[in-house]
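Visitor: I'd like to ask some things about the structure below.
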Amino acid sequence: MKAQRVTIHTLRQMKERGEKIAVLTAYDATFARLFDEAGADVLLVGDSHGMVVQGNDTTLPVTLEEMAYHCRAVVRGVRRAHVVGDMPFGSYQTSVEQGVANAARLIKEGGCHSVKLEGGAQHAELVKRLVGAGIPVMGHIGLTPQSYHQLGGFKVQGRDPGGRDRLLADARALEDAGAYAIVLEAIPADIAREITATVSVPTIGIGAGVDCDGQVLVSYDMLGMDESFKPRFVRRYATLGATIKDAVGRYVSEVRGGEFPSDAESFTVAENKATGPTIGMYSTANTTK
Ligand code: KIV
């Protein structure tokens, strides 16, 4: 049976019903398929891939072309989840026209269902124009990693005098401009609770406490891909880094020892019929479709 696609309207209804929204980042079709089948409501193709996939120290080097490439892969892997494409640094800061043109490219070339951009009131005009152009927008306030140098690092936001009021004003500005959801990153839980109670659109927290309408984590972090990285707001649901190292270690040792491949994993001339069945090449996300 065809899964019912999660839309921005589904997410609004989930907030109204008090149902929590589960969001994860995804960067390729295989992980996207797994997350979709496991029930994630929204997959965010985050510019965090610049760090966890590309190995940069910040998200700043990520380009629009790279975002579109990863969005295409993720969209191919999902049947139910809503897919959000992150607008990378430099793709919308110059002007509203630049932001509209690049968001349209991400939707057209990446195939994602909506876009996310960092910042509050300062981007209200852009959000309004995008929504007017038929492009749903997820806002993102608090710790906005694209402002890494301006913020002086990855730090909890909103603790300074006036911080609470600024965050509330930013959330209201995004809601008024037509954003369908707002990511709240690294802000005190009581401020996130107040924003969530104030705005009618879903809030999606990361390091923002339990009272947000939904939660998002970087998938590589919650899956434990990097054993050395465990910030306070991340809960590890697996230790895949260790599992992968163990599997690869055994593979290396079996290749070196001549134990892999076995006869059962090899072909013979006798069974090689010219028109025989295909042997199955690499696994793809499309195998479920
Ligand atoms: O790029 C990203 O993955 C994000 C999330 C952490 C919200 O923006």
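By order of appearance in the structure tokens: chains A, B, ..., then residues from 1 within every chain, and ligands from 1 in the order shown.
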Find the residues near Leu34 (chain A): any atom within 9 Å, counting only C-alpha atoms, skip ones fewer than 3 places away on the same chain, and give them as a list in words.
Guide: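 Listing them by chain and then by number gives Ala29, Thr30, Phe31, Glu37, Ala38, Gly39, Gly77, Val78 and Ala285 of chain A.
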Visitor: Which neighbours of Thr10 (chain A) fall inside 12 Å, counting only C-alpha atoms, when residues of the same chain fewer than 6 positions from it are skipped, and could you give them as a tab-separated table (two decimals) with all heavy atoms, in the first residue's frame?
Guide:
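Saved to around.tsv:
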```tsv
chain	number	residue	atom	x	y	z
A	4	GLN	N	0.99	7.33	2.99
A	4	GLN	CA	0.48	8.71	2.90
A	4	GLN	C	1.63	9.67	3.19
A	4	GLN	O	2.25	9.61	4.25
A	4	GLN	CB	-0.61	8.86	3.97
A	4	GLN	CG	-1.36	10.16	3.92
A	4	GLN	CD	-2.46	10.13	2.87
A	4	GLN	OE1	-3.07	9.08	2.62
A	4	GLN	NE2	-2.70	11.27	2.24
A	16	GLU	N	-1.45	20.49	16.54
A	16	GLU	CA	-2.78	20.74	17.11
A	16	GLU	C	-3.27	19.57	17.95
A	16	GLU	O	-3.94	19.74	18.95
A	16	GLU	CB	-3.78	21.05	15.98
A	16	GLU	CG	-3.56	22.45	15.41
A	16	GLU	CD	-4.22	22.67	14.06
A	16	GLU	OE1	-4.93	21.77	13.56
A	16	GLU	OE2	-3.99	23.76	13.50
A	17	ARG	N	-2.89	18.34	17.53
A	17	ARG	CA	-3.31	17.14	18.26
A	17	ARG	C	-2.36	16.79	19.40
A	17	ARG	O	-2.57	15.82	20.12
A	17	ARG	CB	-3.37	15.94	17.31
A	17	ARG	CG	-4.53	16.00	16.31
A	17	ARG	CD	-4.79	14.64	15.69
A	17	ARG	NE	-3.70	14.19	14.85
A	17	ARG	CZ	-3.70	14.26	13.51
A	17	ARG	NH1	-4.75	14.74	12.88
A	17	ARG	NH2	-2.67	13.83	12.82
A	19	GLU	N	0.65	15.69	18.99
A	19	GLU	CA	1.50	14.54	18.61
A	19	GLU	C	2.90	15.05	18.30
A	19	GLU	O	3.06	15.98	17.50
A	19	GLU	CB	0.96	13.87	17.34
A	19	GLU	CG	-0.25	13.04	17.54
A	19	GLU	CD	-0.85	12.62	16.18
A	19	GLU	OE1	-0.09	12.43	15.21
A	19	GLU	OE2	-2.08	12.51	16.11
A	20	LYS	N	3.90	14.43	18.89
A	20	LYS	CA	5.29	14.88	18.67
A	20	LYS	C	5.77	14.51	17.26
A	20	LYS	O	5.40	13.46	16.72
A	20	LYS	CB	6.21	14.24	19.71
A	20	LYS	CG	5.89	14.68	21.14
A	20	LYS	CD	6.50	16.03	21.44
A	20	LYS	CE	6.41	16.30	22.95
A	20	LYS	NZ	6.95	17.64	23.28
A	21	ILE	N	6.63	15.36	16.73
A	21	ILE	CA	7.14	15.18	15.36
A	21	ILE	C	8.60	14.71	15.44
A	21	ILE	O	9.42	15.35	16.10
A	21	ILE	CB	7.05	16.53	14.60
A	21	ILE	CG1	5.59	17.00	14.54
A	21	ILE	CG2	7.67	16.42	13.21
A	21	ILE	CD1	5.42	18.47	14.17
A	41	ASP	N	9.14	11.31	10.59
A	41	ASP	CA	8.13	12.12	9.88
A	41	ASP	C	8.75	13.05	8.86
A	41	ASP	O	8.18	13.31	7.80
A	41	ASP	CB	7.34	12.96	10.90
A	41	ASP	CG	6.65	12.10	11.94
A	41	ASP	OD1	5.88	11.21	11.54
A	41	ASP	OD2	6.91	12.29	13.14
A	42	VAL	N	9.91	13.61	9.22
A	42	VAL	CA	10.58	14.59	8.37
A	42	VAL	C	12.05	14.22	8.26
A	42	VAL	O	12.68	13.87	9.27
A	42	VAL	CB	10.46	16.02	8.96
A	42	VAL	CG1	11.20	17.04	8.10
A	42	VAL	CG2	9.00	16.43	9.13
A	80	ARG	N	7.30	8.12	2.57
A	80	ARG	CA	6.33	8.81	3.44
A	80	ARG	C	6.84	10.14	3.97
A	80	ARG	O	6.08	11.11	4.03
A	80	ARG	CB	6.01	7.87	4.63
A	80	ARG	CG	5.14	8.54	5.68
A	80	ARG	CD	4.85	7.64	6.86
A	80	ARG	NE	4.18	8.38	7.91
A	80	ARG	CZ	4.82	9.04	8.86
A	80	ARG	NH1	6.15	9.05	8.93
A	80	ARG	NH2	4.15	9.71	9.78
A	81	ALA	N	8.11	10.22	4.34
A	81	ALA	CA	8.60	11.40	5.05
A	81	ALA	C	8.59	12.66	4.18
A	81	ALA	O	8.76	12.59	2.96
A	81	ALA	CB	10.01	11.14	5.56
A	82	HIS	N	8.42	13.80	4.84
A	82	HIS	CA	8.57	15.11	4.19
A	82	HIS	C	10.06	15.41	4.14
A	82	HIS	O	10.77	15.24	5.13
A	82	HIS	CB	7.83	16.15	5.04
A	82	HIS	CG	7.92	17.54	4.52
A	82	HIS	ND1	7.05	18.03	3.57
A	82	HIS	CD2	8.78	18.55	4.80
A	82	HIS	CE1	7.37	19.28	3.30
A	82	HIS	NE2	8.42	19.63	4.03
A	180	TYR	N	6.30	27.37	7.99
A	180	TYR	CA	5.39	26.30	8.43
A	180	TYR	C	5.89	25.59	9.68
A	180	TYR	O	5.15	24.86	10.34
A	180	TYR	CB	5.15	25.29	7.30
A	180	TYR	CG	6.34	24.38	7.01
A	180	TYR	CD1	6.53	23.19	7.71
A	180	TYR	CD2	7.28	24.73	6.04
A	180	TYR	CE1	7.62	22.37	7.46
A	180	TYR	CE2	8.36	23.92	5.78
A	180	TYR	CZ	8.54	22.75	6.49
A	180	TYR	OH	9.63	21.96	6.24
A	181	ALA	N	7.17	25.82	10.04
A	181	ALA	CA	7.76	25.22	11.25
A	181	ALA	C	9.03	26.00	11.56
A	181	ALA	O	9.57	26.71	10.70
A	181	ALA	CB	8.08	23.74	11.02
A	201	VAL	N	2.71	27.49	14.73
A	201	VAL	CA	3.38	26.51	13.87
A	201	VAL	C	4.27	25.61	14.72
A	201	VAL	O	4.72	26.01	15.80
A	201	VAL	CB	4.23	27.21	12.77
A	201	VAL	CG1	3.33	28.02	11.86
A	201	VAL	CG2	5.32	28.07	13.37
A	202	PRO	N	4.54	24.37	14.27
A	202	PRO	CA	5.35	23.46	15.07
A	202	PRO	C	6.78	23.97	15.29
A	202	PRO	O	7.40	24.51	14.38
A	202	PRO	CB	5.38	22.17	14.24
A	202	PRO	CG	4.28	22.29	13.25
A	202	PRO	CD	4.04	23.74	13.02
```
Visitor: List all protein, DNA and RNA residues that have at least one atom no more than 10 Å from any atom of ligand 1, counting only C-alpha atoms and all ligand atoms, and write them as JSON, numbers by chain.
Guide: {"A": [23, 24, 25, 26, 27, 43, 44, 45, 46, 47, 48, 49, 50, 51, 52, 59, 85, 86, 87, 88, 116, 117, 118, 139, 140, 141, 143, 144, 145, 146, 182, 183, 184, 185, 186, 204, 205, 206, 207, 215, 216, 217, 218, 219, 220]}
Visitor: Return the single residue from A:Ala73, A:Ala264, A:Gly178, A:Gly142 that is closest to Asp165 (chain A), with distances computed using only C-alpha atoms.
Guide: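 Of A:Ala73, A:Ala264, A:Gly178, A:Gly142, the one nearest Asp165 (chain A), counting only C-alpha atoms, is A:Gly142.
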Visitor: Just the residues within 8 Å of Ile195 (chain A), please, counting only C-alpha atoms, with nothing from its chain fewer than 3 positions along; format it as a VMD selection string.
Guide: chain A and resid 167 to 168 171 191 to 192 198 to 199 203
Visitor: Could you write out the selected residues, including N, CA, C and O atoms, as a short mmCIF file (atom, residue, chain, number, x, y, z; two decimals), in the first residue's frame?
Guide:
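Result written to result-v9.cif:
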```cif
data_model
loop_
_atom_site.label_atom_id
_atom_site.label_comp_id
_atom_site.auth_asym_id
_atom_site.auth_seq_id
_atom_site.Cartn_x
_atom_site.Cartn_y
_atom_site.Cartn_z
N LEU A 167 14.48 36.09 20.76
CA LEU A 167 14.09 34.79 20.19
C LEU A 167 12.58 34.74 19.95
O LEU A 167 12.11 34.24 18.92
N LEU A 168 11.82 35.27 20.94
CA LEU A 168 10.36 35.28 20.77
C LEU A 168 9.95 36.15 19.58
O LEU A 168 9.09 35.76 18.78
N ALA A 171 10.74 34.27 16.39
CA ALA A 171 9.78 33.19 16.13
C ALA A 171 8.47 33.78 15.61
O ALA A 171 7.89 33.27 14.64
N ILE A 191 12.76 28.84 27.47
CA ILE A 191 12.48 29.77 26.36
C ILE A 191 11.81 29.00 25.22
O ILE A 191 10.85 29.48 24.60
N ALA A 192 12.30 27.79 24.95
CA ALA A 192 11.70 26.97 23.88
C ALA A 192 10.24 26.65 24.21
O ALA A 192 9.38 26.67 23.32
N THR A 198 3.62 29.99 22.23
CA THR A 198 3.23 31.27 21.61
C THR A 198 2.87 31.14 20.14
O THR A 198 1.90 31.75 19.68
N VAL A 199 3.66 30.37 19.39
CA VAL A 199 3.42 30.32 17.94
C VAL A 199 2.49 29.15 17.57
O VAL A 199 2.45 28.13 18.28
N THR A 203 7.28 23.78 16.52
CA THR A 203 8.69 24.03 16.80
C THR A 203 9.40 22.68 16.84
O THR A 203 8.86 21.70 17.35
#
```
Visitor: Tell me, which residues of region 135-204 of chain A carry DSSP strand (DSSP E), written as an MDAnalysis selection string?
Guide: chainID A and resid 137:142 181:185 203:204
Visitor: Grab the CA of Lys128 (chain A) to CA of Gly99 (chain A) distance for me, in Å with one decimal place.
Guide: 11.3 Å
Visitor: Write down as a PyMOL selection string the residues of region 8-153 of chain A whose backbone DSSP state falls under alpha helix (DSSP H).
Guide: chain A and resi 8-17+29-37+49-52+64-77+96-110+124-132+148-151
